[in-house]
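Comments concern the structure below.
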Number of protein chains: 2
Amino acid sequence: MESMNVTILGCNSALPVIDRFQTSQIVHFREKMFMIDCGEGAQIRMRQLKLKATRLNHIFISHLHGDHVFGLIGLISSLGMTGRTADLVIHAHPDLEKLLQPQIDYYCTDMNYKVVFESFDPRKHALIYEDRSLRVTSIPLKHRVPTSGFLFEEKEKPNHIIREMIDLYHIPLREIPHIQHGADFITEDGIVIPNTQLTRTSLPPKKYAYCSDTAYSKRITPWIEGADVLYHEATFLHADILRAKTTGHSSAFQAAEIARDAHVRQLIIGHYSARYAQIEDLLQEAKSIFPNTQLAYDGLNIQI
Amino acid sequence: MESMNVTILGCNSALPVIDRFQTSQIVHFREKMFMIDCGEGAQIRMRQLKLKATRLNHIFISHLHGDHVFGLIGLISSLGMTGRTADLVIHAHPDLEKLLQPQIDYYCTDMNYKVVFESFDPRKHALIYEDRSLRVTSIPLKHRVPTSGFLFEEKEKPNHIIREMIDLYHIPLREIPHIQHGADFITEDGIVIPNTQLTRTSLPPKKYAYCSDTAYSKRITPWIEGADVLYHEATFLHADILRAKTTGHSSAFQAAEIARDAHVRQLIIGHYSARYAQIEDLLQEAKSIFPNTQLAYDGLNIQI
């Protein structure tokens, strides 16, 4: 599977409600799974959605508020019981290790795998994960404690070489990688075949931006510019903007402004305050600024 | 509400499954709520079942395995956010405080109530909670770590005095408590009116016994003798008895034997291993020994 997609495991704010757990999501990308945040019950949602954690090797934690981390110890413990052997890497603020390691030592005595803490500074924009085809960078956010969003970026893919052209010009195998990366081809007779005639451009790389929890922060727009999908918190209605400001959160209106200014394709809002019985009001508010907005719900799958 | 009743919040064993969370229950008794164990998601189940925690002041933890405690930090944190001021007392093995206090200190900075740890020794049969009308005693169980069940016992209620007799014999107010507790009444003329003529016996005190997790342990029967309801773990089918023994758990067959030998009225089994797709098999096995058996499920309410 080439495509990137995201599954919402939980999307409510600090207090869970009947049908919405606290924050957690899975980014699926080419046979791999990455988790962002891990609120209480994340492992339960994974089971309900039939998501096996065997392909989950990296968890990214935005900040150390309980509603984004309380599901970690249960998940770690359950993975131990299901016979996991592969390392599980948790990318988080350095304090997490101090809080979680004593619990792992006490509760998870029979584990055959290692939890590796890779700490990063949420106040800095930096590369925090990279593999052959994916790059994850931190997006410093504006919250009550050091907090970082995450940008999941597919790496530039080489162009596709057109099979018929290989045959037509008798292109030797060794030339193919060069052509994929933009080179022209020169025949034995010295004729230059321009690259555009030999290749089809690949689909543009996918970009998913996750920004939660955060107050309105214009500063993040260059980092998330042109993302296919932006998940941005919208804890409050704009009528409650003072409450948003004191708690370090955004209104739906502000989330939509960020989406518009960063020219993203689609906005998903979430992290709703438990005070709103009708989260559709948050959607309407966001849509008034940025029409291509959707409400997150537990179990939602978004194609990036 | 005079009656005692129990709500199951979660009843699966170490691994949660789609519709069964890990162990947690609420004992309701005369306007008060008591929690037994607190697996991950207990606070979510409480919301789903519309159980407000305002009348919850005591939590009893059977043992320090993750599936019985991972829901505590989330519950504690959420109670802080909803403005609680009353102390919350957690009765548990002393290690729990060492594990939980650092998390409370880090994650629950704005709390207006206190979590009080009352430690007890799960290896001893002792009184661990008492109020005017209720007594909770520990039941030492047989598991891989120090583990205790709990017996919730309504205190003996004084007999009801028959109103008409007060009028008939002109019984003075000061005599009533004595008569309620069994005294005869002597009239001014020296006639002895036997207590049985003056009173109606109250309903027998309610008794609820919770025994999880435990291997088969005949030793517990005197402590739970005659309980109205026994919740006993039945992690395995008896065909898997070797696995039950090595992990310190019981088969459904063994749970039923305990119920029979302790002459309880009703048996509820739970803490099912995730290996069984059909938990009805566990029920059939238990019923073959003790017919008045019921399967626990999340949300079940049992009148004691």
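Residues are named by chain letter and number: chains run A, B, ... in the order of the structure tokens, numbers start at 1 in each chain, and ligands are numbered from 1 in the order shown.
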
Quiz item: When the cut-off is 6 Å and we count only C-alpha atoms, which residues of chain B are near chain A, given as a list in words?
Solution: Ile18, Gly41, Arg47, Gln48, Gly66 and Tyr107 of chain B

Practice problem: From a DSSP calculation on the backbone, collect every residue of stretch 8-50 of chain B in helix (DSSP H, G or I) and output the set as a ChimeraX atom specification. | Solution: /B:42-48

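Each of B:Leu203, B:Ala239, B:Ile61, B:Cys11 was checked against B:Ile268 using only C-alpha atoms; the smallest atom-to-atom distance is that of B:Cys11.
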
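Using only C-alpha atoms, the smallest distance between any of A:Ser212, A:Ala262, A:Asp110, A:Glu164 and A:Asp37 comes from A:Ser212.
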
Quiz item: Quick one: DSSP strand (DSSP E or B) residues in stretch 29-217 of chain A, as a ChimeraX atom specification?
Solution: /A:29,32-38,56-60,88-92,115-119,127-130,134-140,148-154,160-161,185-186,192-193,199-200,207-211

Exercise. Would you kindly return, as a ChimeraX atom specification, each protein, DNA or RNA residue with an atom no farther than 7 Å from any atom of A:Ile59, considering only C-alpha atoms and excluding same-chain residues fewer than 4 positions away?
Key: /A:34-36,89-91

Could you write those residues out with C-alpha atoms, as an mmCIF file, in the first residue's frame?
data_model
loop_
_atom_site.group_PDB
_atom_site.id
_atom_site.type_symbol
_atom_site.label_atom_id
_atom_site.label_comp_id
_atom_site.auth_asym_id
_atom_site.auth_seq_id
_atom_site.Cartn_x
_atom_site.Cartn_y
_atom_site.Cartn_z
ATOM 1 C CA PHE A 34 3.155 5.294 13.706
ATOM 2 C CA MET A 35 1.242 6.422 16.765
ATOM 3 C CA ILE A 36 0.762 10.052 17.716
ATOM 4 C CA VAL A 89 10.653 3.693 20.347
ATOM 5 C CA ILE A 90 8.872 6.527 22.142
ATOM 6 C CA HIS A 91 9.776 10.017 20.974
#

Practice problem: May I have the residues within 7 Å of A:Pro205 as a PyMOL selection string, using only C-alpha atoms and disregarding those fewer than 6 positions away in the same chain? | Solution: chain A and resi 154-157

Output N, CA, C and O atoms for every residue in that selection, as a JSON list (two decimals), in the first residue's frame.
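This is the output file out28.json:
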[["chain", "number", "residue", "atom", "x", "y", "z"],
["A", 154, "GLU", "N", 6.22, 12.43, 3.31],
["A", 154, "GLU", "CA", 6.79, 11.43, 2.40],
["A", 154, "GLU", "C", 7.97, 12.07, 1.69],
["A", 154, "GLU", "O", 7.93, 13.25, 1.33],
["A", 155, "LYS", "N", 9.05, 11.29, 1.49],
["A", 155, "LYS", "CA", 10.19, 11.85, 0.77],
["A", 155, "LYS", "C", 9.88, 11.95, -0.72],
["A", 155, "LYS", "O", 9.07, 11.20, -1.25],
["A", 156, "GLU", "N", 10.55, 12.88, -1.39],
["A", 156, "GLU", "CA", 10.42, 13.03, -2.85],
["A", 156, "GLU", "C", 10.64, 11.68, -3.51],
["A", 156, "GLU", "O", 11.60, 10.97, -3.22],
["A", 157, "LYS", "N", 9.72, 11.32, -4.37],
["A", 157, "LYS", "CA", 9.91, 10.06, -5.07],
["A", 157, "LYS", "C", 10.55, 10.33, -6.44],
["A", 157, "LYS", "O", 10.22, 11.32, -7.09]]

Quiz item: So what do you get for atom CA of A:His160 versus atom CA of A:Ser3, distance-wise?
Solution: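 Straight-line distance from atom CA of A:His160 to atom CA of A:Ser3 works out to 16.7 Å.
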
Quiz item: Nearest to B:Thr54: which of B:Asp87, B:Glu225, B:Asp298, B:Asp261 is it, counting only C-alpha atoms?
Solution: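 Among B:Asp87, B:Glu225, B:Asp298, B:Asp261, it is B:Asp87 that comes nearest to B:Thr54.
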
Self-check item: For A:His249, the nearest of the candidates A:Leu88, A:Ile224, A:Cys211, A:Ile186, counting only C-alpha atoms
Solution: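 Closest to A:His249 of all the choices is A:Cys211.
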
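In this structure, atom CA of B:Gly248 sits 14.0 Å away from atom CA of B:Gly149.
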
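Reported to one decimal place, the separation of atom CA of B:Ser251 from atom CA of B:Lys142 is 13.6 Å.
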